[in-house]
>>> print(open('start11.cif').read())   # mmCIF, C-alpha atoms, pLDDT in the B column; chains and numbers go by the auth columns
data_structure
loop_
_atom_site.group_PDB
_atom_site.id
_atom_site.type_symbol
_atom_site.label_atom_id
_atom_site.label_comp_id
_atom_site.label_asym_id
_atom_site.label_seq_id
_atom_site.Cartn_x
_atom_site.Cartn_y
_atom_site.Cartn_z
_atom_site.B_iso_or_equiv
_atom_site.auth_seq_id
_atom_site.auth_asym_id
ATOM 1 C CA MET A 1 -76.286 -44.728 -19.713 58.00 1 H
ATOM 2 C CA HIS A 2 -73.301 -42.877 -20.666 62.00 2 H
ATOM 3 C CA HIS A 3 -71.616 -42.678 -23.959 64.00 3 H
ATOM 4 C CA PRO A 4 -68.841 -45.305 -24.423 63.00 4 H
ATOM 5 C CA ALA A 5 -66.124 -42.628 -24.966 61.00 5 H
ATOM 6 C CA TYR A 6 -67.105 -41.007 -21.696 61.00 6 H
ATOM 7 C CA GLN A 7 -66.804 -44.277 -19.798 62.00 7 H
ATOM 8 C CA LYS A 8 -63.389 -44.951 -21.357 63.00 8 H
ATOM 9 C CA SER A 9 -62.007 -41.507 -20.352 60.00 9 H
ATOM 10 C CA ARG A 10 -63.392 -41.992 -16.845 60.00 10 H
ATOM 11 C CA GLN A 11 -61.526 -45.258 -16.506 60.00 11 H
ATOM 12 C CA ARG A 12 -58.273 -43.648 -17.690 60.00 12 H
ATOM 13 C CA PHE A 13 -58.720 -40.814 -15.192 56.00 13 H
ATOM 14 C CA ALA A 14 -59.334 -43.218 -12.326 53.00 14 H
ATOM 15 C CA ALA A 15 -56.281 -45.279 -13.293 51.00 15 H
ATOM 16 C CA GLY A 16 -54.072 -42.121 -13.409 54.00 16 H
ATOM 17 C CA VAL A 17 -55.249 -40.950 -10.006 50.00 17 H
ATOM 18 C CA PHE A 18 -54.619 -44.414 -8.584 49.00 18 H
ATOM 19 C CA LEU A 19 -51.064 -44.531 -10.042 50.00 19 H
ATOM 20 C CA THR A 20 -50.337 -41.039 -8.762 53.00 20 H
ATOM 21 C CA MET A 21 -51.543 -42.053 -5.311 51.00 21 H
ATOM 22 C CA LEU A 22 -49.280 -45.096 -5.427 51.00 22 H
ATOM 23 C CA ASN A 23 -46.246 -42.897 -6.259 53.00 23 H
ATOM 24 C CA ILE A 24 -47.054 -40.457 -3.462 53.00 24 H
ATOM 25 C CA GLY A 25 -47.393 -43.241 -0.973 51.00 25 H
ATOM 26 C CA THR A 26 -43.941 -44.704 -1.746 59.00 26 H
ATOM 27 C CA GLN A 27 -41.916 -41.393 -1.856 60.00 27 H
ATOM 28 C CA LYS A 28 -42.051 -39.822 1.594 68.00 28 H
ATOM 29 C CA GLY A 29 -39.048 -37.382 1.366 72.00 29 H
ATOM 30 C CA PHE A 30 -35.276 -37.195 0.932 75.00 30 H
ATOM 31 C CA THR A 31 -33.158 -40.115 1.977 85.00 31 H
ATOM 32 C CA LEU A 32 -30.291 -39.660 4.421 86.00 32 H
ATOM 33 C CA ILE A 33 -27.722 -40.208 1.658 89.00 33 H
ATOM 34 C CA GLU A 34 -29.287 -37.462 -0.473 87.00 34 H
ATOM 35 C CA LEU A 35 -29.201 -35.019 2.449 88.00 35 H
ATOM 36 C CA VAL A 36 -25.581 -35.814 3.380 91.00 36 H
ATOM 37 C CA THR A 37 -24.480 -35.527 -0.270 91.00 37 H
ATOM 38 C CA THR A 38 -26.229 -32.173 -0.590 91.00 38 H
ATOM 39 C CA LEU A 39 -24.611 -30.856 2.602 93.00 39 H
ATOM 40 C CA ILE A 40 -21.155 -31.968 1.453 94.00 40 H
ATOM 41 C CA LEU A 41 -21.596 -30.292 -1.941 94.00 41 H
ATOM 42 C CA VAL A 42 -22.861 -27.078 -0.351 95.00 42 H
ATOM 43 C CA GLY A 43 -19.890 -27.141 2.059 94.00 43 H
ATOM 44 C CA ILE A 44 -17.369 -27.579 -0.764 94.00 44 H
ATOM 45 C CA ILE A 45 -18.938 -24.788 -2.800 94.00 45 H
ATOM 46 C CA GLY A 46 -18.989 -22.539 0.282 93.00 46 H
ATOM 47 C CA ALA A 47 -15.321 -23.251 1.055 93.00 47 H
ATOM 48 C CA PHE A 48 -14.210 -22.323 -2.463 92.00 48 H
ATOM 49 C CA ALA A 49 -16.411 -19.237 -2.495 93.00 49 H
ATOM 50 C CA SER A 50 -15.036 -18.025 0.850 93.00 50 H
ATOM 51 C CA PHE A 51 -11.433 -18.715 -0.292 92.00 51 H
ATOM 52 C CA PHE A 52 -11.887 -16.628 -3.434 91.00 52 H
ATOM 53 C CA LEU A 53 -13.650 -13.882 -1.489 93.00 53 H
ATOM 54 C CA TYR A 54 -10.867 -13.815 1.133 93.00 54 H
ATOM 55 C CA THR A 55 -8.178 -13.712 -1.571 92.00 55 H
ATOM 56 C CA GLY A 56 -9.891 -10.829 -3.335 91.00 56 H
ATOM 57 C CA VAL A 57 -10.443 -8.788 -0.182 93.00 57 H
ATOM 58 C CA SER A 58 -6.920 -9.348 1.167 93.00 58 H
ATOM 59 C CA GLY A 59 -5.445 -8.425 -2.231 92.00 59 H
ATOM 60 C CA PHE A 60 -7.475 -5.220 -2.275 93.00 60 H
ATOM 61 C CA LEU A 61 -6.403 -4.294 1.274 93.00 61 H
ATOM 62 C CA LYS A 62 -2.728 -4.953 0.538 91.00 62 H
ATOM 63 C CA SER A 63 -2.935 -2.892 -2.637 92.00 63 H
ATOM 64 C CA LYS A 64 -4.591 -0.066 -0.693 93.00 64 H
ATOM 65 C CA ASP A 65 -1.848 -0.120 1.983 91.00 65 H
ATOM 66 C CA ILE A 66 0.915 -0.088 -0.624 92.00 66 H
ATOM 67 C CA SER A 67 -0.754 2.776 -2.471 93.00 67 H
ATOM 68 C CA GLU A 68 -1.095 4.839 0.725 93.00 68 H
ATOM 69 C CA THR A 69 2.521 4.152 1.732 92.00 69 H
ATOM 70 C CA SER A 70 3.744 5.095 -1.751 93.00 70 H
ATOM 71 C CA LEU A 71 1.849 8.358 -1.575 94.00 71 H
ATOM 72 C CA LYS A 72 3.271 9.168 1.882 94.00 72 H
ATOM 73 C CA ALA A 73 6.797 8.311 0.723 94.00 73 H
ATOM 74 C CA GLN A 74 6.483 10.473 -2.388 94.00 74 H
ATOM 75 C CA ILE A 75 5.175 13.409 -0.339 95.00 75 H
ATOM 76 C CA ALA A 76 8.084 13.002 2.109 94.00 76 H
ATOM 77 C CA LEU A 77 10.582 12.874 -0.755 94.00 77 H
ATOM 78 C CA ASP A 78 9.073 15.995 -2.327 94.00 78 H
ATOM 79 C CA ARG A 79 9.287 17.844 1.010 94.00 79 H
ATOM 80 C CA ILE A 80 12.910 16.793 1.573 94.00 80 H
ATOM 81 C CA SER A 81 13.735 17.892 -1.969 93.00 81 H
ATOM 82 C CA ALA A 82 12.124 21.316 -1.487 91.00 82 H
ATOM 83 C CA GLU A 83 13.937 21.748 1.840 91.00 83 H
ATOM 84 C CA LEU A 84 17.387 20.787 0.564 91.00 84 H
ATOM 85 C CA ARG A 85 17.070 22.716 -2.688 91.00 85 H
ATOM 86 C CA SER A 86 16.638 25.942 -0.676 89.00 86 H
ATOM 87 C CA ILE A 87 19.643 25.498 1.654 89.00 87 H
ATOM 88 C CA ASP A 88 21.536 28.738 2.172 87.00 88 H
ATOM 89 C CA SER A 89 24.055 27.624 4.817 87.00 89 H
ATOM 90 C CA LEU A 90 24.965 24.574 6.887 87.00 90 H
ATOM 91 C CA VAL A 91 24.656 25.009 10.669 86.00 91 H
ATOM 92 C CA ASN A 92 26.769 21.998 11.624 82.00 92 H
ATOM 93 C CA ASN A 93 28.682 19.505 9.586 80.00 93 H
ATOM 94 C CA PRO A 94 26.140 17.019 8.252 80.00 94 H
ATOM 95 C CA VAL A 95 26.478 13.353 9.160 78.00 95 H
ATOM 96 C CA GLN A 96 26.129 11.028 6.194 79.00 96 H
ATOM 97 C CA ASP A 97 23.131 8.669 6.384 78.00 97 H
ATOM 98 C CA SER A 98 21.966 10.387 9.556 84.00 98 H
ATOM 99 C CA ASN A 99 21.201 14.127 9.455 89.00 99 H
ATOM 100 C CA ILE A 100 21.778 17.526 7.921 90.00 100 H
ATOM 101 C CA GLN A 101 21.186 20.823 9.760 90.00 101 H
ATOM 102 C CA TYR A 102 20.828 24.016 7.735 90.00 102 H
ATOM 103 C CA LYS A 103 19.295 27.460 7.287 90.00 103 H
ATOM 104 C CA SER A 104 17.405 28.860 4.358 87.00 104 H
ATOM 105 C CA LYS A 105 16.895 32.432 3.128 79.00 105 H
ATOM 106 C CA SER A 106 13.452 31.486 1.858 82.00 106 H
ATOM 107 C CA SER A 107 10.629 33.136 3.777 83.00 107 H
ATOM 108 C CA ASN A 108 8.684 29.864 3.406 85.00 108 H
ATOM 109 C CA LEU A 109 11.403 27.940 5.296 87.00 109 H
ATOM 110 C CA PRO A 110 12.367 30.095 8.295 88.00 110 H
ATOM 111 C CA GLY A 111 14.619 29.156 11.219 88.00 111 H
ATOM 112 C CA THR A 112 17.210 26.493 11.800 91.00 112 H
ATOM 113 C CA ARG A 113 16.077 23.278 10.156 92.00 113 H
ATOM 114 C CA LYS A 114 17.219 19.676 10.347 93.00 114 H
ATOM 115 C CA ILE A 115 16.374 16.508 8.447 94.00 115 H
ATOM 116 C CA SER A 116 17.299 13.401 10.415 93.00 116 H
ATOM 117 C CA TYR A 117 16.730 9.651 10.623 94.00 117 H
ATOM 118 C CA ALA A 118 16.299 7.684 13.854 93.00 118 H
ATOM 119 C CA ASN A 119 14.184 4.742 15.098 93.00 119 H
ATOM 120 C CA GLU A 120 12.809 3.952 11.631 93.00 120 H
ATOM 121 C CA GLN A 121 11.472 7.499 11.232 95.00 121 H
ATOM 122 C CA ILE A 122 12.486 10.504 9.151 95.00 122 H
ATOM 123 C CA PHE A 123 12.133 13.744 11.093 95.00 123 H
ATOM 124 C CA ILE A 124 12.086 17.358 10.045 94.00 124 H
ATOM 125 C CA THR A 125 12.993 19.675 12.909 93.00 125 H
ATOM 126 C CA VAL A 126 12.319 23.411 12.839 93.00 126 H
ATOM 127 C CA ASP A 127 13.883 25.511 15.618 91.00 127 H
ATOM 128 C CA GLY A 128 14.090 22.483 17.923 90.00 128 H
ATOM 129 C CA THR A 129 10.564 21.164 17.302 92.00 129 H
ATOM 130 C CA ALA A 130 10.726 17.726 15.674 94.00 130 H
ATOM 131 C CA ASN A 131 7.956 16.408 13.445 94.00 131 H
ATOM 132 C CA VAL A 132 7.738 12.941 11.934 95.00 132 H
ATOM 133 C CA LEU A 133 7.874 13.212 8.166 95.00 133 H
ATOM 134 C CA LEU A 134 7.639 9.454 7.470 94.00 134 H
ATOM 135 C CA ASP A 135 7.619 6.323 9.626 93.00 135 H
ATOM 136 C CA ASN A 136 8.354 2.607 8.999 93.00 136 H
ATOM 137 C CA VAL A 137 11.549 3.521 7.147 94.00 137 H
ATOM 138 C CA VAL A 138 13.983 0.593 7.230 92.00 138 H
ATOM 139 C CA ASN A 139 16.838 2.176 5.292 92.00 139 H
ATOM 140 C CA PHE A 140 17.897 5.822 4.899 93.00 140 H
ATOM 141 C CA LYS A 141 20.788 7.279 2.935 92.00 141 H
ATOM 142 C CA LEU A 142 21.788 10.940 2.922 91.00 142 H
ATOM 143 C CA ARG A 143 24.951 11.611 0.925 89.00 143 H
ATOM 144 C CA TRP A 144 26.452 14.446 -1.020 88.00 144 H
ATOM 145 C CA SER A 145 28.981 14.852 -3.755 87.00 145 H
ATOM 146 C CA SER A 146 31.354 17.790 -3.884 86.00 146 H
ATOM 147 C CA LYS A 147 33.499 19.499 -6.470 85.00 147 H
ATOM 148 C CA ASP A 148 34.951 22.913 -7.206 82.00 148 H
ATOM 149 C CA MET A 149 31.843 24.617 -8.539 77.00 149 H
ATOM 150 C CA ASN A 150 33.215 28.163 -8.805 75.00 150 H
ATOM 151 C CA HIS A 151 36.470 27.047 -10.499 73.00 151 H
ATOM 152 C CA VAL A 152 38.756 29.114 -8.333 69.00 152 H
ATOM 153 C CA SER A 153 42.284 27.710 -8.413 59.00 153 H
ATOM 154 C CA GLY A 154 43.121 26.245 -5.053 63.00 154 H
ATOM 155 C CA GLY A 155 39.532 26.894 -4.055 69.00 155 H
ATOM 156 C CA ASN A 156 37.453 24.773 -1.801 79.00 156 H
ATOM 157 C CA ASN A 157 34.936 22.247 -3.016 84.00 157 H
ATOM 158 C CA GLU A 158 31.252 22.975 -2.782 85.00 158 H
ATOM 159 C CA ILE A 159 28.302 20.606 -2.434 87.00 159 H
ATOM 160 C CA ALA A 160 27.327 19.744 -6.005 88.00 160 H
ATOM 161 C CA ALA A 161 24.422 17.427 -5.225 91.00 161 H
ATOM 162 C CA ILE A 162 22.700 15.733 -2.304 92.00 162 H
ATOM 163 C CA ASP A 163 21.427 12.182 -2.748 93.00 163 H
ATOM 164 C CA VAL A 164 18.503 11.051 -0.597 94.00 164 H
ATOM 165 C CA GLU A 165 17.273 7.463 -0.630 94.00 165 H
ATOM 166 C CA PHE A 166 15.011 5.538 1.720 95.00 166 H
ATOM 167 C CA THR A 167 13.078 2.280 1.799 94.00 167 H
ATOM 168 C CA THR A 168 9.806 1.720 3.625 94.00 168 H
ATOM 169 C CA ARG A 169 8.840 -1.525 5.328 91.00 169 H
ATOM 170 C CA GLU A 170 5.607 -2.042 3.330 89.00 170 H
ATOM 171 C CA ILE A 171 7.042 -1.526 -0.148 89.00 171 H
ATOM 172 C CA GLY A 172 10.638 -2.709 -0.016 86.00 172 H
ATOM 173 C CA SER A 173 11.865 -0.821 -3.073 90.00 173 H
ATOM 174 C CA PRO A 174 13.782 2.436 -2.582 93.00 174 H
ATOM 175 C CA PHE A 175 12.569 5.976 -3.147 94.00 175 H
ATOM 176 C CA SER A 176 15.420 8.248 -4.199 94.00 176 H
ATOM 177 C CA GLU A 177 16.212 11.663 -5.567 94.00 177 H
ATOM 178 C CA LYS A 178 19.272 13.705 -6.450 95.00 178 H
ATOM 179 C CA ILE A 179 18.902 17.285 -5.225 93.00 179 H
ATOM 180 C CA TYR A 180 20.942 20.226 -6.484 92.00 180 H
ATOM 181 C CA PRO A 181 21.109 23.095 -3.949 91.00 181 H
ATOM 182 C CA ARG A 182 20.534 26.545 -5.442 88.00 182 H
ATOM 183 C CA ALA A 183 23.272 28.157 -3.336 85.00 183 H
ATOM 184 C CA MET A 184 26.962 27.229 -3.351 82.00 184 H
ATOM 185 C CA LEU A 185 27.659 25.552 -0.038 82.00 185 H
ATOM 186 C CA PRO A 186 31.148 24.711 1.168 82.00 186 H
ATOM 187 C CA ALA A 187 31.571 20.946 1.256 81.00 187 H
ATOM 188 C CA PRO A 188 31.901 19.539 4.773 79.00 188 H
ATOM 189 C CA PRO A 189 35.251 18.028 5.681 71.00 189 H
#
>>> encode(input="start11.cif", output="structure tokens")
Amino acid sequence: MHHPAYQKSRQRFAAGVFLTMLNIGTQKGFTLIELVTTLILVGIIGAFASFFLYTGVSGFLKSKDISETSLKAQIALDRISAELRSIDSLVNNPVQDSNIQYKSKSSNLPGTRKISYANEQIFITVDGTANVLLDNVVNFKLRWSSKDMNHVSGGNNEIAAIDVEFTTREIGSPFSEKIYPRAMLPAPP
């Protein structure tokens, strides 16, 4: 014979196993409603996650494109400024908002040179060989102001400053600079 406490604990154990077996027998898995609800929730979470991921990636790519275009535009503006600052003489009369053809005494800028705008591109031409300086330019302005710089009475006006301004397709805001030539150039008619 066993001790009464032992028999009591054995009965409790048998009852617990029996109840556990009853619970296992009635719960066979997920119901269809639980599965559909889970799939819908996972789909909604996935849609929001992909939307935020797409927004972040597209924002980064747009920012990268704008940054690259800004850098190209600034380099082009710096080059135009260096070119026009070193003008020694005009080859032909420049055409406002279109082109300027010139020569420079600088050994770094030899030959007949031309800065021009056509087909949404700014070109720099050296001795007849054209190179694209910047593309996707939607607006280009090339203007100059003139006044009597050497103060000779009855004298001719000289080019006091050259204004360059352009707008690129990607950015939309203008890049501009006022350039003061080092040499006194007679103002075109």
>>> closest_residue(input="start11.cif", among="H:Asn136, H:Asn156, H:Ser98, H:Ser146", to="Lys72 of chain H", atoms="only C-alpha atoms")
H:Asn136
>>> resolve_selection(input="start11.cif", expression="the PyMOL selection byres ((chain H and resi 188) around 9)", output="list in words")
Leu90, Asn92, Asn93, Pro94, Ser146, Asn157, Glu158, Ile159, Leu185, Pro186, Ala187 and Pro189 of chain H
>>> resolve_selection(input="start11.cif", expression="the PyMOL selection byres ((chain H and resi 119) around 12)", output="ChimeraX atom specification")
/H:98,116-118,120-123,132,134-140
>>> atom_distance(input="start11.cif", atom1="atom CA of Gly128 of chain H", atom2="atom CA of Thr168 of chain H")
25.6 Å
>>> residues_around(input="start11.cif", residues="Glu165 of chain H", least_positions_apart="6", cutoff="6 Å", atoms="all atoms listed in the file", output="list in words")
Phe140, Lys141, Phe175 and Ser176 of chain H
>>> write_last_selection(input="start11.cif", atoms="C-alpha atoms", output="short mmCIF file (atom, residue, chain, number, x, y, z; two decimals), in the frame of the given file")
data_model
loop_
_atom_site.label_atom_id
_atom_site.label_comp_id
_atom_site.auth_asym_id
_atom_site.auth_seq_id
_atom_site.Cartn_x
_atom_site.Cartn_y
_atom_site.Cartn_z
CA PHE H 140 17.90 5.82 4.90
CA LYS H 141 20.79 7.28 2.94
CA PHE H 175 12.57 5.98 -3.15
CA SER H 176 15.42 8.25 -4.20
#
>>> resolve_selection(input="start11.cif", expression="the PyMOL selection byres ((chain H and resi 84) around 8)", output="PyMOL selection string")
chain H and resi 80-83+85-87+162+179-181
>>> atom_distance(input="start11.cif", atom1="atom CA of Leu133 of chain H", atom2="atom CA of Leu61 of chain H")
23.6 Å
>>> atom_distance(input="start11.cif", atom1="atom CA of Ser145 of chain H", atom2="atom CA of Val126 of chain H")
25.0 Å
>>> closest_residue(input="start11.cif", among="H:Ile40, H:Leu109, H:Val91, H:Leu77", to="Lys178 of chain H", atoms="all atoms listed in the file")
H:Leu77
>>> residues_around(input="start11.cif", residues="Ile66 of chain H", least_positions_apart="6", cutoff="12 Å", atoms="all atoms listed in the file", output="PyMOL selection string")
chain H and resi 59-60+72-73+168-173
>>> axis_aligned_box(input="start11.cif", around="segment 58-75 of chain H", padding_each_side="3 Å", output="lines of an AutoDock Vina configuration file")
center_x = -0.3
center_y = 2.0
center_z = -0.3
size_x = 20.3
size_y = 28.8
size_z = 10.6
>>> closest_residue(input="start11.cif", among="H:Asn150, H:Ser63, H:Gln96, H:Asn131", to="Ala76 of chain H", atoms="all atoms listed in the file")
H:Asn131
